[in-house]
file start_30.txt (compact mmCIF, C-alpha atoms)
# COMPACT_ATOMS: atom_id res chain seq x y z
CA MET A 1 0.00 0.00 0.00
CA LYS A 2 2.83 2.37 0.90
CA LYS A 3 4.53 1.64 -2.42
CA PHE A 4 1.27 2.33 -4.27
CA LEU A 5 0.78 5.68 -2.49
CA ALA A 6 4.38 6.61 -3.19
CA LEU A 7 3.88 5.85 -6.89
CA VAL A 8 0.69 7.93 -7.03
CA LEU A 9 2.35 10.87 -5.28
CA SER A 10 5.33 10.58 -7.59
CA THR A 11 3.08 10.61 -10.67
CA VAL A 12 1.19 13.64 -9.41
CA ALA A 13 4.46 15.42 -8.70
CA VAL A 14 5.82 14.69 -12.17
CA THR A 15 2.54 15.79 -13.80
CA GLY A 16 2.65 19.02 -11.87
CA MET A 17 6.27 19.61 -12.85
CA CYS A 18 5.42 18.97 -16.52
CA ALA A 19 2.57 21.46 -16.35
CA ASP A 20 4.83 24.03 -14.64
CA ALA A 21 7.57 23.51 -17.23
CA TYR A 22 5.23 23.69 -20.20
CA PRO A 23 6.24 24.22 -22.90
CA SER A 24 9.57 22.45 -22.77
CA ARG A 25 9.60 21.46 -26.46
CA ALA A 26 8.03 22.47 -29.76
CA ILE A 27 4.24 22.76 -30.02
CA THR A 28 2.54 21.52 -33.17
CA LEU A 29 -0.37 23.66 -34.32
CA ILE A 30 -2.55 21.59 -36.64
CA VAL A 31 -4.40 23.48 -39.37
CA PRO A 32 -6.92 21.21 -41.12
CA PHE A 33 -6.83 23.24 -44.33
CA ALA A 34 -4.31 23.81 -47.12
CA ALA A 35 -1.17 25.88 -46.71
CA GLY A 36 -1.57 29.39 -48.07
CA GLY A 37 -5.31 29.50 -47.42
CA PRO A 38 -7.05 32.03 -45.15
CA THR A 39 -7.12 29.82 -42.04
CA ASP A 40 -3.46 28.89 -42.54
CA ARG A 41 -2.66 32.58 -42.66
CA VAL A 42 -4.43 33.20 -39.35
CA ALA A 43 -2.57 30.25 -37.81
CA ARG A 44 0.88 31.41 -38.87
CA ASP A 45 0.30 34.96 -37.66
CA LEU A 46 -1.06 33.66 -34.35
CA ALA A 47 1.81 31.20 -33.87
CA GLU A 48 4.27 34.07 -34.14
CA ALA A 49 2.26 36.24 -31.73
CA MET A 50 2.01 33.43 -29.13
CA ARG A 51 5.72 32.57 -29.09
CA LYS A 52 6.74 35.32 -26.66
CA PRO A 53 3.96 34.77 -24.09
CA LEU A 54 4.87 31.07 -24.13
CA GLY A 55 8.45 31.83 -23.20
CA GLY A 56 9.81 31.85 -26.74
CA ALA A 57 8.44 28.39 -27.54
CA THR A 58 8.69 27.04 -31.06
CA ILE A 59 5.23 26.62 -32.63
CA VAL A 60 5.25 24.55 -35.80
CA VAL A 61 2.23 24.88 -38.10
CA GLU A 62 1.29 21.58 -39.76
CA ASN A 63 -1.37 21.37 -42.47
CA VAL A 64 -3.41 18.15 -42.28
CA VAL A 65 -6.00 18.50 -45.02
CA GLY A 66 -9.16 16.64 -45.97
CA ALA A 67 -12.77 15.63 -45.32
CA GLY A 68 -14.10 19.01 -44.29
CA SER A 69 -11.29 19.50 -41.74
CA SER A 70 -12.10 16.22 -39.96
CA ILE A 71 -8.77 14.49 -40.73
CA GLY A 72 -6.71 17.19 -39.04
CA SER A 73 -9.25 17.55 -36.23
CA ASN A 74 -9.23 13.81 -35.62
CA LYS A 75 -5.43 13.81 -35.43
CA VAL A 76 -5.63 16.28 -32.57
CA ALA A 77 -8.52 14.47 -30.85
CA LYS A 78 -6.44 11.27 -30.82
CA ALA A 79 -3.13 12.93 -29.86
CA ALA A 80 -1.49 12.70 -26.44
CA PRO A 81 -3.26 15.17 -24.11
CA ASP A 82 -0.10 17.01 -23.13
CA GLY A 83 -0.55 20.39 -24.81
CA TYR A 84 1.98 19.76 -27.56
CA THR A 85 -0.61 19.11 -30.27
CA ILE A 86 -3.19 21.87 -30.69
CA LEU A 87 -5.88 22.41 -33.30
CA LEU A 88 -6.75 25.71 -34.94
CA ASN A 89 -10.08 25.37 -36.72
CA HIS A 90 -12.94 27.60 -37.77
CA ILE A 91 -16.70 27.36 -38.20
CA ALA A 92 -16.18 23.82 -39.53
CA MET A 93 -16.33 22.77 -35.87
CA ALA A 94 -20.03 23.66 -36.04
CA ALA A 95 -20.58 22.05 -39.44
CA MET A 96 -18.85 18.69 -38.95
CA PRO A 97 -21.42 17.11 -36.57
CA ASN A 98 -24.09 17.59 -39.25
CA GLN A 99 -22.09 17.15 -42.46
CA LEU A 100 -19.98 14.08 -41.71
CA ARG A 101 -21.87 10.81 -41.93
CA ASN A 102 -19.15 8.93 -40.02
CA ILE A 103 -17.45 11.52 -37.83
CA PRO A 104 -14.71 9.73 -35.84
CA PHE A 105 -14.85 12.03 -32.81
CA LYS A 106 -17.29 14.18 -30.86
CA ILE A 107 -16.91 17.94 -31.06
CA GLU A 108 -18.55 18.45 -27.68
CA THR A 109 -16.60 15.90 -25.64
CA ASP A 110 -13.30 15.01 -27.35
CA PHE A 111 -11.62 18.40 -27.07
CA GLU A 112 -10.54 20.90 -24.46
CA TYR A 113 -11.67 24.32 -25.67
CA MET A 114 -8.92 26.94 -25.36
CA GLY A 115 -10.51 30.17 -26.56
CA MET A 116 -11.56 32.04 -29.70
CA ILE A 117 -9.30 34.14 -31.88
CA ASN A 118 -11.16 36.26 -34.41
CA GLU A 119 -14.17 36.65 -36.63
CA VAL A 120 -13.68 37.03 -40.36
CA PRO A 121 -16.34 38.63 -42.57
CA MET A 122 -17.24 37.11 -45.92
CA THR A 123 -17.59 38.78 -49.30
CA LEU A 124 -19.87 37.82 -52.18
CA ILE A 125 -17.75 37.95 -55.35
CA SER A 126 -17.89 36.89 -58.99
CA ARG A 127 -15.69 36.44 -62.05
CA THR A 128 -15.03 39.81 -63.70
CA SER A 129 -16.56 38.61 -66.97
CA LEU A 130 -19.95 38.25 -65.32
CA PRO A 131 -22.07 41.14 -66.68
CA ALA A 132 -23.48 42.25 -63.30
CA LYS A 133 -21.47 45.10 -61.81
CA ASN A 134 -23.58 45.75 -58.69
CA TYR A 135 -25.88 43.74 -56.43
CA LYS A 136 -29.11 44.80 -58.17
CA GLU A 137 -27.70 43.65 -61.49
CA LEU A 138 -26.40 40.46 -59.87
CA LEU A 139 -29.87 39.56 -58.57
CA ALA A 140 -31.36 40.08 -62.01
CA TRP A 141 -28.64 37.92 -63.55
CA ILE A 142 -29.15 35.15 -60.95
CA TYR A 143 -32.89 34.95 -61.55
CA GLN A 144 -32.38 34.99 -65.31
CA ASN A 145 -29.87 32.14 -65.11
CA LYS A 146 -31.52 29.75 -62.66
CA GLY A 147 -30.17 26.24 -63.02
CA LYS A 148 -27.02 27.40 -64.82
CA ILE A 149 -25.05 29.09 -62.01
CA ASN A 150 -21.83 27.57 -60.65
CA LEU A 151 -21.00 28.50 -57.07
CA GLY A 152 -17.46 27.57 -56.06
CA ASN A 153 -16.18 26.74 -52.58
CA ALA A 154 -13.09 25.37 -50.86
CA GLY A 155 -14.74 22.02 -50.14
CA ILE A 156 -17.78 20.74 -48.27
CA GLY A 157 -17.67 22.04 -44.71
CA SER A 158 -15.41 24.96 -45.61
CA ALA A 159 -16.27 28.55 -44.74
CA SER A 160 -17.03 29.35 -48.37
CA HIS A 161 -19.32 26.32 -48.61
CA LEU A 162 -21.34 27.35 -45.56
CA CYS A 163 -21.64 30.94 -46.76
CA GLY A 164 -22.74 29.65 -50.15
CA LEU A 165 -25.49 27.59 -48.52
CA MET A 166 -26.76 30.69 -46.75
CA VAL A 167 -26.70 32.72 -49.98
CA GLN A 168 -28.80 30.11 -51.77
CA SER A 169 -31.20 29.84 -48.84
CA ALA A 170 -31.59 33.62 -48.53
CA LEU A 171 -32.20 34.11 -52.26
CA GLN A 172 -34.27 30.93 -52.61
CA VAL A 173 -32.22 29.91 -55.64
CA ASP A 174 -30.46 26.57 -56.13
CA MET A 175 -26.98 26.82 -57.61
CA THR A 176 -24.56 24.09 -58.65
CA SER A 177 -22.07 23.77 -55.79
CA ILE A 178 -18.53 23.16 -57.05
CA PRO A 179 -16.29 21.94 -54.19
CA TYR A 180 -12.51 22.28 -54.57
CA LYS A 181 -9.62 20.93 -52.52
CA GLY A 182 -8.91 24.25 -50.89
CA THR A 183 -9.45 27.96 -51.39
CA ALA A 184 -6.54 28.47 -53.81
CA PRO A 185 -7.84 26.23 -56.64
CA ALA A 186 -11.36 27.61 -56.20
CA MET A 187 -10.07 31.16 -56.53
CA THR A 188 -7.92 30.18 -59.52
CA ASP A 189 -11.00 28.95 -61.38
CA LEU A 190 -13.00 32.04 -60.41
CA LEU A 191 -10.21 34.26 -61.74
CA GLY A 192 -10.14 32.19 -64.90
CA GLY A 193 -13.90 32.43 -65.39
CA GLN A 194 -14.56 28.69 -64.95
CA ILE A 195 -17.05 29.34 -62.12
CA ASP A 196 -19.44 32.22 -61.59
CA LEU A 197 -19.65 33.08 -57.91
CA MET A 198 -18.01 32.51 -54.56
CA CYS A 199 -18.66 33.69 -51.01
CA ASP A 200 -15.33 33.68 -49.20
CA GLN A 201 -13.40 35.17 -46.32
CA THR A 202 -11.96 38.67 -46.55
CA THR A 203 -8.61 37.14 -45.54
CA ASN A 204 -8.65 35.52 -48.98
CA THR A 205 -10.59 37.95 -51.17
CA THR A 206 -9.34 41.41 -50.16
CA THR A 207 -6.20 41.29 -52.32
CA TYR A 208 -8.16 40.23 -55.40
CA ILE A 209 -10.87 42.83 -54.81
CA ASP A 210 -8.24 45.56 -54.45
CA ALA A 211 -6.57 44.43 -57.69
CA LYS A 212 -9.98 44.34 -59.44
CA LYS A 213 -9.45 40.70 -60.41
CA VAL A 214 -12.91 39.82 -59.08
CA THR A 215 -16.15 41.78 -58.78
CA ALA A 216 -17.34 42.31 -55.20
CA TYR A 217 -21.00 42.91 -54.36
CA ALA A 218 -21.49 42.82 -50.59
CA VAL A 219 -20.10 41.91 -47.18
CA THR A 220 -21.83 39.54 -44.78
CA THR A 221 -21.50 41.55 -41.57
CA ALA A 222 -24.26 43.47 -39.80
CA LYS A 223 -22.37 46.74 -40.39
CA ARG A 224 -20.12 47.95 -43.17
CA LEU A 225 -16.41 47.30 -42.80
CA THR A 226 -13.99 50.16 -42.28
CA ILE A 227 -10.86 48.96 -44.09
CA PRO A 228 -10.28 51.02 -47.26
CA VAL A 229 -10.64 48.20 -49.80
CA LEU A 230 -14.06 47.14 -48.49
CA LYS A 231 -15.53 50.27 -46.92
CA ASP A 232 -17.79 51.05 -49.90
CA LEU A 233 -19.32 47.57 -50.08
CA PRO A 234 -22.89 47.38 -48.72
CA THR A 235 -23.97 44.66 -46.31
CA MET A 236 -26.37 41.95 -47.43
CA GLN A 237 -28.87 43.30 -44.92
CA GLU A 238 -28.62 46.80 -46.42
CA LEU A 239 -29.47 45.21 -49.75
CA GLY A 240 -32.67 43.78 -48.36
CA VAL A 241 -31.59 40.29 -47.28
CA LYS A 242 -32.92 40.44 -43.72
CA GLY A 243 -31.02 38.56 -41.01
CA PHE A 244 -28.11 37.71 -43.31
CA GLU A 245 -24.98 37.71 -41.16
CA VAL A 246 -22.08 35.28 -41.51
CA THR A 247 -18.68 35.61 -39.92
CA ILE A 248 -16.11 32.85 -39.87
CA TRP A 249 -14.68 32.49 -36.39
CA HIS A 250 -11.48 30.66 -35.43
CA GLY A 251 -10.63 28.92 -32.15
CA LEU A 252 -8.02 26.73 -30.46
CA TYR A 253 -8.60 23.16 -29.23
CA ALA A 254 -6.56 20.48 -27.47
CA PRO A 255 -7.19 16.76 -26.90
CA LYS A 256 -9.61 15.91 -24.10
CA GLY A 257 -7.71 15.38 -20.86
CA THR A 258 -5.06 18.03 -21.47
CA PRO A 259 -4.12 19.29 -17.97
CA ALA A 260 -6.07 22.33 -16.83
CA GLU A 261 -2.79 24.11 -16.05
CA VAL A 262 -1.66 23.69 -19.64
CA VAL A 263 -5.01 24.87 -21.03
CA ALA A 264 -4.74 27.92 -18.78
CA LYS A 265 -1.21 28.69 -20.03
CA VAL A 266 -2.23 28.44 -23.67
CA ASN A 267 -5.33 30.53 -23.01
CA ALA A 268 -3.21 33.22 -21.31
CA ALA A 269 -0.80 33.21 -24.27
CA LEU A 270 -3.73 33.47 -26.67
CA LYS A 271 -5.18 36.46 -24.81
CA ALA A 272 -1.74 38.12 -24.86
CA ALA A 273 -1.47 37.49 -28.61
CA LEU A 274 -4.89 39.06 -29.17
CA LYS A 275 -3.49 42.28 -27.70
CA ASP A 276 -0.29 42.16 -29.77
CA PRO A 277 -0.22 45.26 -32.03
CA ASP A 278 1.45 43.42 -34.93
CA PHE A 279 -1.07 40.59 -34.86
CA ILE A 280 -3.99 43.03 -34.61
CA ALA A 281 -2.66 45.07 -37.55
CA LYS A 282 -2.22 41.99 -39.74
CA GLN A 283 -5.73 40.77 -39.00
CA GLU A 284 -7.40 44.14 -39.41
CA ALA A 285 -5.69 44.65 -42.78
CA LEU A 286 -7.54 41.54 -43.94
CA GLY A 287 -10.88 42.61 -42.50
CA ALA A 288 -10.74 40.23 -39.53
CA VAL A 289 -12.03 41.34 -36.14
CA ILE A 290 -10.13 40.26 -33.02
CA ILE A 291 -12.29 38.64 -30.34
CA THR A 292 -12.16 40.67 -27.12
CA ASP A 293 -15.27 39.42 -25.33
CA HIS A 294 -16.06 36.45 -23.05
CA ARG A 295 -15.61 33.96 -25.89
CA THR A 296 -11.84 34.08 -25.40
CA ASP A 297 -12.46 32.06 -22.21
CA PRO A 298 -12.62 28.25 -22.67
CA VAL A 299 -16.03 27.75 -21.04
CA ASP A 300 -17.76 30.46 -23.06
CA HIS A 301 -15.95 29.37 -26.21
CA LYS A 302 -17.50 25.91 -25.81
CA LYS A 303 -20.98 27.38 -25.23
CA PHE A 304 -20.64 29.48 -28.36
CA VAL A 305 -19.66 26.49 -30.53
CA ALA A 306 -22.68 24.57 -29.21
CA SER A 307 -24.94 27.46 -30.26
CA GLU A 308 -23.33 27.52 -33.71
CA ILE A 309 -23.90 23.77 -34.16
CA ALA A 310 -27.60 24.39 -33.45
CA ARG A 311 -27.68 27.39 -35.80
CA TRP A 312 -26.20 25.61 -38.83
CA SER A 313 -27.89 22.24 -38.38
CA PRO A 314 -31.17 23.00 -40.25
CA LEU A 315 -29.40 24.75 -43.14
CA ILE A 316 -27.03 21.84 -43.67
CA ALA A 317 -29.85 19.30 -43.38
CA ALA A 318 -31.86 21.16 -46.02
CA ALA A 319 -28.90 21.23 -48.44
CA LYS A 320 -28.24 17.48 -48.07
CA GLU A 321 -24.55 17.94 -48.95
CA TYR A 322 -22.59 15.47 -46.86
CA ILE A 323 -19.11 14.05 -46.47
CA ASP A 324 -19.03 10.24 -46.40
call {"tool": "encode", "arguments": {"input": "start_30.txt", "output": "structure tokens"}}
result
Amino acid sequence: MKKFLALVLSTVAVTGMCADAYPSRAITLIVPFAAGGPTDRVARDLAEAMRKPLGGATIVVENVVGAGSSIGSNKVAKAAPDGYTILLNHIAMAAMPNQLRNIPFKIETDFEYMGMINEVPMTLISRTSLPAKNYKELLAWIYQNKGKINLGNAGIGSASHLCGLMVQSALQVDMTSIPYKGTAPAMTDLLGGQIDLMCDQTTNTTTYIDAKKVTAYAVTTAKRLTIPVLKDLPTMQELGVKGFEVTIWHGLYAPKGTPAEVVAKVNAALKAALKDPDFIAKQEALGAVIITDHRTDPVDHKKFVASEIARWSPLIAAAKEYID
């Protein structure tokens, strides 16, 4: 019995020391989307901003792509719960429970929630060869071309896919959804005129809008954006689409069972990063809004994701677009 108690006390002591020493080696930040995409960009900027508050730790971004972000998410869910494998994902966390027929993990119970990062507005854009040059003309073109419109996205479960579902629902028009393996190939085909429309994050579209390589019609926020490139774009609600508001949020997650002390350290580093002037400037230049409210706390982050799962469930069910 004495030997058993000694072993338990020793284990507790070592665990405590590990938590106190964290991080003592490189942290892997899993991004379940392609390198160079908008979520990857957020991850790399955040990794740099979190290095200092984590004592100069090395944070390695690893892209694990596929199946609506579930492959990368599953890798984290099944990883050792020691704080050295962390997931950065977006609104796909709310879509996966409804879009994956055979999801290998549970969003609600297989992760430790570590806090939210930002919210990214979306923009409704088209190929420049499309004749509509404003939203009124776009609506007329859409209704004249029912059944012939191609709406691109970065894959089922991606931010652009979810925004596209909401566009179709709001306008009561079915479009042909064209899923790609990432944002980059979808944008390439839009630029080349192979697809008609896309609804994607400002972190991806702002550069192309500024260069006039795509035509922009509206933003998906409740209020107009203030950054110069997008400040003249109306909101969907201004244009008469009541209740239309979509922002793509990002958050951090660790495997279930990660020590509370480690979660607290990562959360503190995240909150420090969200106040970092360089990180704020990089995000604001892309139209992203840094989260400063209660959702940066793990408990409220989890409650918010649960509310988003409930919000998107009926829209996804109606679309019947699933990942097997």
call {"tool": "atom_distance", "arguments": {"input": "start_30.txt", "atom1": "CA of Met198 in chain A", "atom2": "CA of Gly182 in chain A"}}
result
12.8 Å
call {"tool": "atom_distance", "arguments": {"input": "start_30.txt", "atom1": "CA of Ala170 in chain A", "atom2": "CA of Ala94 in chain A"}}
result
19.7 Å
call {"tool": "closest_atom_pairs", "arguments": {"input": "start_30.txt", "of": "range 25-66 of chain A", "to": "range 244-260 of chain A", "cutoff": "12 Å", "atoms": "all atoms listed in the file", "output": "Markdown table"}}
result
| residue | atom | partner | partner_atom | distance |
| --- | --- | --- | --- | --- |
| A:Ile27 | CA | A:Ala254 | CA | 11.3 |
| A:Thr28 | CA | A:Ala254 | CA | 10.8 |
| A:Leu29 | CA | A:Leu252 | CA | 9.1 |
| A:Ile30 | CA | A:Tyr253 | CA | 9.7 |
| A:Val31 | CA | A:Leu252 | CA | 10.2 |
| A:Pro32 | CA | A:His250 | CA | 11.9 |
| A:Pro38 | CA | A:Ile248 | CA | 10.5 |
| A:Thr39 | CA | A:His250 | CA | 8.0 |
| A:Asp40 | CA | A:His250 | CA | 10.9 |
| A:Arg41 | CA | A:His250 | CA | 11.6 |
| A:Val42 | CA | A:His250 | CA | 8.5 |
| A:Ala43 | CA | A:His250 | CA | 9.2 |
| A:Leu46 | CA | A:Leu252 | CA | 10.6 |
| A:Ala47 | CA | A:Leu252 | CA | 11.3 |
call {"tool": "axis_aligned_box", "arguments": {"input": "start_30.txt", "around": "range 98-108 of chain A", "padding_each_side": "5 Å", "output": "JSON"}}
result
{"center_x": -19.4, "center_y": 13.7, "center_z": -35.1, "size_x": 19.4, "size_y": 19.5, "size_z": 24.8}
call {"tool": "closest_residue", "arguments": {"input": "start_30.txt", "among": "A:Pro277, A:Val241, A:Ser24, A:Lys75", "to": "Gln172 in chain A", "atoms": "all atoms listed in the file"}}
result
A:Val241
call {"tool": "closest_residue", "arguments": {"input": "start_30.txt", "among": "A:Tyr143, A:Lys52, A:Ala216, A:Ala273", "to": "Leu233 in chain A", "atoms": "only C-alpha atoms"}}
result
A:Ala216
call {"tool": "closest_residue", "arguments": {"input": "start_30.txt", "among": "A:Lys302, A:Gln144, A:Ala288, A:Tyr208", "to": "Asp110 in chain A", "atoms": "all atoms listed in the file"}}
result
A:Lys302
call {"tool": "atom_distance", "arguments": {"input": "start_30.txt", "atom1": "CA of Gly66 in chain A", "atom2": "CA of Tyr180 in chain A"}}
result
10.8 Å
call {"tool": "closest_residue", "arguments": {"input": "start_30.txt", "among": "A:Val263, A:Ala269, A:Ala186, A:Pro121", "to": "Thr226 in chain A", "atoms": "only C-alpha atoms"}}
result
A:Pro121
call {"tool": "closest_residue", "arguments": {"input": "start_30.txt", "among": "A:Ser307, A:Asn118, A:Gln201, A:Asn98", "to": "Asp45 in chain A", "atoms": "only C-alpha atoms"}}
result
A:Asn118
call {"tool": "residues_around", "arguments": {"input": "start_30.txt", "residues": "Arg101 in chain A", "least_positions_apart": "6", "cutoff": "12 Å", "atoms": "all atoms listed in the file", "output": "list in words"}}
result
Ala67, Gly68, Ser70, Ala95, Ala317, Lys320, Glu321, Tyr322, Ile323 and Asp324 of chain A
call {"tool": "closest_residue", "arguments": {"input": "start_30.txt", "among": "A:Thr220, A:Thr215, A:Asn145, A:Ser313", "to": "Gly164 in chain A", "atoms": "only C-alpha atoms"}}
result
A:Thr220
